[in-house]
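What follows is one structure encoded as structure tokens, with my remarks underneath.
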There are 4 protein chains.
Amino acid sequence: MSFTLPPYTPPDFSRSPLCDAPPATFREVVQAGVAPEDYHATSVYPEYFHLGGGKWRIPRESRMDCVAVIREDGQLDVKEFRRLRKGDRVAVGRRENGEDGIYVHTEGFRFPEHASEKFAFRTRLTRETSFSIDYDELYELMEHEKENGFLVWVLGPALVFDHDARQAFAALVQAGYVNGLLAGNALAAHDVEGALFGTALGQEIYSKDIRPLGHYHHLDAINRVRQVGSLERAIEQGVVRDGVMRALVRNGIPYVLAGSIRDDGPLPEVFGDVYEAQDRMRNVVRQATTVVALATQLHSIATGNMTPSYRVMDDGQVRPVYFYTVDMSEFAVNKLANRGSLTARSVLTNVQDFVVTVERGLRRRSPRATPE
Amino acid sequence: MSFTLPPYTPPDFSRSPLCDAPPATFREVVQAGVAPEDYHATSVYPEYFHLGGGKWRIPRESRMDCVAVIREDGQLDVKEFRRLRKGDRVAVGRRENGEDGIYVHTEGFRFPEHASEKFAFRTRLTRETSFSIDYDELYELMEHEKENGFLVWVLGPALVFDHDARQAFAALVQAGYVNGLLAGNALAAHDVEGALFGTALGQEIYSKDIRPLGHYHHLDAINRVRQVGSLERAIEQGVVRDGVMRALVRNGIPYVLAGSIRDDGPLPEVFGDVYEAQDRMRNVVRQATTVVALATQLHSIATGNMTPSYRVMDDGQVRPVYFYTVDMSEFAVNKLANRGSLTARSVLTNVQDFVVTVERGLRRRSPRATPE
Amino acid sequence: MSFTLPPYTPPDFSRSPLCDAPPATFREVVQAGVAPEDYHATSVYPEYFHLGGGKWRIPRESRMDCVAVIREDGQLDVKEFRRLRKGDRVAVGRRENGEDGIYVHTEGFRFPEHASEKFAFRTRLTRETSFSIDYDELYELMEHEKENGFLVWVLGPALVFDHDARQAFAALVQAGYVNGLLAGNALAAHDVEGALFGTALGQEIYSKDIRPLGHYHHLDAINRVRQVGSLERAIEQGVVRDGVMRALVRNGIPYVLAGSIRDDGPLPEVFGDVYEAQDRMRNVVRQATTVVALATQLHSIATGNMTPSYRVMDDGQVRPVYFYTVDMSEFAVNKLANRGSLTARSVLTNVQDFVVTVERGLRRRSPRATPE
Amino acid sequence: MSFTLPPYTPPDFSRSPLCDAPPATFREVVQAGVAPEDYHATSVYPEYFHLGGGKWRIPRESRMDCVAVIREDGQLDVKEFRRLRKGDRVAVGRRENGEDGIYVHTEGFRFPEHASEKFAFRTRLTRETSFSIDYDELYELMEHEKENGFLVWVLGPALVFDHDARQAFAALVQAGYVNGLLAGNALAAHDVEGALFGTALGQEIYSKDIRPLGHYHHLDAINRVRQVGSLERAIEQGVVRDGVMRALVRNGIPYVLAGSIRDDGPLPEVFGDVYEAQDRMRNVVRQATTVVALATQLHSIATGNMTPSYRVMDDGQVRPVYFYTVDMSEFAVNKLANRGSLTARSVLTNVQDFVVTVERGLRRRSPRATPE
């Protein structure tokens, strides 16, 4: 069975009350970085702005908790507050039903319905939920996206703490299932540590032996890369001979390493300014059709914040953006939901097993040449 | 590479202070179920009792938190307090270094040493610990035990909540990797529910759909088995056509279903008296050389309590008993450790993935006929 | 502000479709312990059975996952399957809307409504949910129940692992806020250990020092009580001089200690047969108007299974039964919800802090003589 | 009982092998931000560098994973790699026993010993560990530090999600128990949201009601502060009338708000460059004698990284720096330990309860005027 996208039904603007909606109002920014009174904040859903005369427009690249700025040509940019410039014209009005010329469309995609019961068990997602189907659906989705979409992965450092998982992820890159990566300094630093010393924070990633003076390893790895000048150069020069970052660089996959206050180093490619990092991350996410976030609350929530539930394709079609999170705790999953990422699907397990299982599962379905 | 057991070095009884140790003292039980003053309580370690004249004896079948009772023939039974009968002669003395004629031998097995560091990261087991080697070692161990040992599994009900995991475990039974099973009413009841309705607590174990009136399913499953008279008969009669319990029954694998206050039903095979259940469980555990406990605190801790760190084989050789726990939380793992199960190895992941991965891993290593 | 119970609105049986409902059908049990085909299983909600002529009856003491048995006098007993006797007449029919003469009433209590939003954050309960109001509401509820209701507590052993929490709970008993207690062997055994040795599993409950040979303490405590013959006698004789169990016994509070396969000992008062334990527990729960379950999955779920969402008071009034769970993990809370205990309120915190805070909070509101 | 600092015993440099140790070697940085070969990396422990002639020097302000740079005057700066400038002279050598002129002193403080047992339960910290003594010791420590030390708090946003906890923390500031604060944009933004709207992410922090259009609240709060120009001005002008940030500002307490990729806004005071934020944080931590980190992995680990286990006071005395973490999960606690923060003490509970309990506990011990 192959994957098909669920159809999207736009709102019917010819019917009341939308046919009677006034045009949306846009108000000028008078102070850079500050939205005008009564600004409309975006959500994860498709939103339509009435430009008058029954012409409604959806922003091509949305995200929640931003404002909609209208361009000269009538296109709508969805902008973070900090990026607002004096003179930007921002949509105002907070009624979401069209009365302010703005319509938030929560029912565009038809996902299968579930029967409603007066009394039912097991309505909540926990570690005891069945996940067999999620793997099978993910395989189909990933095969579809490999040909037709854009797969963005968000990784916490734990992935490279384990030998098999690190190798499996590199194989996924090699096999074309990774179109973009978002991570932090630690992921890259410990990946390089793995390449140089076979360890993560001084512990061997296969045998788990604590190595003598192993607490130097990640510092040595970072120091070495800083000496060479960049991670990319360290890969080119053969200093870094395996791992996730090398697979990305050699396959030309875009990645963003965002800085955080936990960082040692950092590696030269890391963005120390987190708002610049956000902009870079969003540039990757703009293209995303599926996002898979593994074992990182910080990066998962950051990416969740900037990932809309839909994307307008080049042909104008609207399709869903899938967002998966994989984590060990119900807390992490619920926290993401509490931040508004309503459409996320979650698998509760160790990401090490998840990545190894996904890589093997995809390979079983479409055997490929062994990765280098 | 194939698995080899670590060698066991018995204490050297010819050297001081053990060569000078007095014989152990045994005191009579005067009140059934009550140990005499100053009784010696067993630990998870091999323990030796001096019977006089330099003759030291180790109980063949030990467990912690019990007392040692000497038989007429000089053999030592390790008995729960509740099983003490008037006249039983119980070893007394609490010094563990031989001064009371009792020696607790904590250093019998030589496991590989780890270098000691003044300062090291990653000394604690968490979900971010690497587990690649644990899978590989477990494969080797299981293959060894299949031929030479006795593999006991302890299962929480979550295993049968997932389609693939339920099937994978049945395949492990079929392939000979299960020599005994300890579980509760819920595991068996939802396994039967899966066989009859394809659900667990009314939720489909593959599609996750909540079925109309699904909250009847586990009750109907239990009621049906009670009507037939026993689980074994329900399997024979073809009422139960797949799953874990059927695989066990058809392969003649011993199992114990222990009752708990959470139970609906229960199924006829369940032991309502928990102390009788303990006795039955221990009869299985006595033979165990490896125990793998999945996703159940109650049964894992109960089994941990009665599993010694070693076993005396028929030829008198002492070998370690391996104890694995698989759970999602550091808490569960530490709780087991806090109960004295010091030798447990833990994998922090979802048991669904664990069982599926182990079954596939073993099959890749030694391909076998597809399970029926 | 004082607490008032939410009003209960019974179904309007004079309106369609209920006014046209047929009488419920009752079918005889032909095999002890086995329900007849098409039996109706109870839920947590109030349920009404049409006895004909527009006369609907609600069972006074319900619980989920049981069947309704009609007595000679028209009263309805809600019985566990295992308690069914030949000849019992069991309600059959699974339509919950009256068409089978049975009506499941999910909307009887009017709890305050929450506004519905197209897009909102924080819809899920996590450790980051605010709990200030829960404490304040609980104080009011407990003060109300102390005068008008019946407060049942369900305790895991962790409560007596901590000095202040153990003392605080004893003070709650003393002050009249505990009308019944459900727990296991471990709670009582470690409470006695605390009284005799000041430790829990050998660790001091205040200083946390690990005591030499402390692993004997709980065994010694149990052995001592077994020697005396019963916990109650050990308390009378001054063997046990403080703690939770002593407070209960001296205040004549009913309690049930249910056995489990984890038990050492057990203490003489423990019910080894878990189904007898269930019956005893339900006898306490029948009277409950509020249940507070602390830090035990096993006992919380067991109690949740047998606690309906309502209770019919002696004057025929229907009132809600409040069910609180306190636990550290979202998993435990969701697991309970997945078992159908829909009406539970949860506080995510350490029960040690919870009990200490509740005891201090109640004392601040109504100062009382210092507990002995 | 009042608190006394444990005495510190410096190494005995007059004895072998230290008396025979060579002087430490310092090598010049030739490339800015890159340490020379064989650099010595600092740990959390006191470390001594031999400057020749038996003169050993300890850096006054250390932290782990940095290098020691010698100044003209012989003082030692402990510097992050990124702060290294060409010409800086960095200590080299990785032997920690003096053979390279460097001695890592792990045994300087005498903390009470715990008896060692062959077999003991409860050796691991879990949620079931007793915490009564930790509260009592913390009260004494905080009272001592209020007069003699410097208390730094590290806060996750969850603290201001709860009405009572937010108020309790403000009261702690008011009462003098907070000398510095490290947090992120979210803590401050939701604190302001609480002041303006009584909500956090749109949910009321007392009643938990989800407010209509509440998802605007934090954005409105941030936008308002950005409009005013700064948080401090918003507090001065009475826009922000209560909460944690106002208490800090009005009491002149230094704070650092570090940016992260999760941020909305951000508030004007937030440092967008995380490495500048690190420098600012460390400037606060340099003075710290006790750090208490609540419910934030990101900030806790970042602060843990830069907090040494000791501090050299102005009079040259060496005293321990206490580091407490409070979190709900064993994972968080172990993760911190795995990052080398070996000396952290942990309380496993909800920070809401923790802060409320600590504030009440301190007030009970030394009643004070009600906070404004």
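Please note that chains go A, B, ... in the order of the structure tokens, that every chain numbers its residues from 1, and that ligands are numbered from 1 in the order shown.
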Original post:
So which residues touch Leu76 of chain A within 6 Å, counting only C-alpha atoms, skipping near sequence neighbours fewer than 4 positions away, as a ChimeraX atom specification?
Top reply: /A:59,69-70
Given the selection you just returned, output its residues as a file containing N, CA and C atoms, formatted as a short mmCIF file (atom, residue, chain, number, x, y, z; two decimals), in the first residue's frame.
data_model
loop_
_atom_site.label_atom_id
_atom_site.label_comp_id
_atom_site.auth_asym_id
_atom_site.auth_seq_id
_atom_site.Cartn_x
_atom_site.Cartn_y
_atom_site.Cartn_z
N PRO A 59 -1.29 32.80 3.73
CA PRO A 59 0.17 32.95 3.65
C PRO A 59 0.81 31.64 3.22
N VAL A 69 2.02 40.18 7.74
CA VAL A 69 2.38 41.48 7.16
C VAL A 69 2.08 41.41 5.66
N ILE A 70 1.36 42.41 5.20
CA ILE A 70 1.00 42.38 3.78
C ILE A 70 2.05 43.12 2.97
#
**OP:** Write down as a PyMOL selection string the residues of segment 247-351 of chain D whose backbone DSSP state falls under alpha helix (DSSP H).
**Re:** chain D and resi 247-250+274-285+297-306+330-338+351
Original post:
Which chain A residues are at most 7 Å from chain C (counting only C-alpha atoms), as a PyMOL selection string?
Top reply: chain A and resi 120-124+126+330-331+334+338-340
**OP:** Determine, counting only C-alpha atoms, which protein, DNA and RNA residues have an atom within 10 Å of an atom of Asp191 of chain D; residues of the same chain fewer than 5 positions away are not included. Present the result as number ranges by chain.
**Re:** D: 157, 159-161, 166, 185-186, 196-200, 218, 221, 240, 242-246
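Residue nearest Ala247 of chain B, chosen from B:Gly265, B:Pro212, B:Pro10, B:Gly180 and counting only C-alpha atoms: B:Gly180.
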Subject >> Best match for closeness to Phe26 of chain A among A:Ala68, A:Gly259, A:Gly238, A:Asp264, counting only C-alpha atoms >> reply: A:Ala68
Subject >> segment 271-318 of chain A: residues DSSP assigns to strand (DSSP E), reported as a PyMOL selection string >> reply: chain A and resi 290-294+310-312+318
Next, write the just-selected residues to a file, as a CSV table (one decimal), in the first residue's frame, keeping C-alpha atoms as the atom set.
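Contents of out23.csv, as written:
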chain,number,residue,atom,x,y,z
A,290,THR,CA,7.5,16.2,7.5
A,291,VAL,CA,9.5,16.9,10.6
A,292,VAL,CA,10.8,14.2,12.9
A,293,ALA,CA,12.1,15.4,16.3
A,294,LEU,CA,14.1,13.0,18.4
A,310,TYR,CA,0.2,22.8,6.5
A,311,ARG,CA,2.2,24.0,3.6
A,312,VAL,CA,1.2,25.6,0.4
A,318,VAL,CA,-2.3,22.8,0.5
**OP:** Extract, using only C-alpha atoms, all DNA, RNA and protein residues at most 12 Å from Glu147 of chain B, discarding same-chain residues fewer than 6 positions from it, and format them as a VMD selection string.
**Re:** chain B and resid 3 140 to 141 175 to 179 289
Those same residues - N, CA and C atoms - I'd like them written as a JSON list (two decimals), in the first residue's frame.
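Once written, selection_11.json looks like this:
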[["chain", "number", "residue", "atom", "x", "y", "z"],
["B", 3, "PHE", "N", 29.31, -16.88, 23.36],
["B", 3, "PHE", "CA", 29.24, -16.51, 24.75],
["B", 3, "PHE", "C", 29.97, -17.51, 25.64],
["B", 140, "GLU", "N", 23.80, -13.22, 22.21],
["B", 140, "GLU", "CA", 24.72, -14.32, 22.50],
["B", 140, "GLU", "C", 24.29, -15.11, 23.73],
["B", 141, "LEU", "N", 23.89, -14.36, 24.73],
["B", 141, "LEU", "CA", 23.45, -15.02, 25.96],
["B", 141, "LEU", "C", 22.21, -15.89, 25.69],
["B", 175, "ALA", "N", 10.46, -20.24, 18.81],
["B", 175, "ALA", "CA", 11.85, -20.49, 18.43],
["B", 175, "ALA", "C", 12.68, -21.04, 19.58],
["B", 176, "GLY", "N", 12.07, -21.20, 20.75],
["B", 176, "GLY", "CA", 12.79, -21.86, 21.83],
["B", 176, "GLY", "C", 13.50, -20.95, 22.81],
["B", 177, "TYR", "N", 13.21, -19.66, 22.75],
["B", 177, "TYR", "CA", 13.91, -18.72, 23.64],
["B", 177, "TYR", "C", 13.15, -18.42, 24.93],
["B", 178, "VAL", "N", 12.10, -19.16, 25.18],
["B", 178, "VAL", "CA", 11.31, -18.94, 26.39],
["B", 178, "VAL", "C", 11.14, -20.28, 27.10],
["B", 179, "ASN", "N", 11.70, -20.37, 28.32],
["B", 179, "ASN", "CA", 11.57, -21.62, 29.07],
["B", 179, "ASN", "C", 10.61, -21.52, 30.23],
["B", 289, "THR", "N", 18.39, -19.46, 34.62],
["B", 289, "THR", "CA", 19.77, -19.01, 34.51],
["B", 289, "THR", "C", 19.81, -17.57, 33.97]]
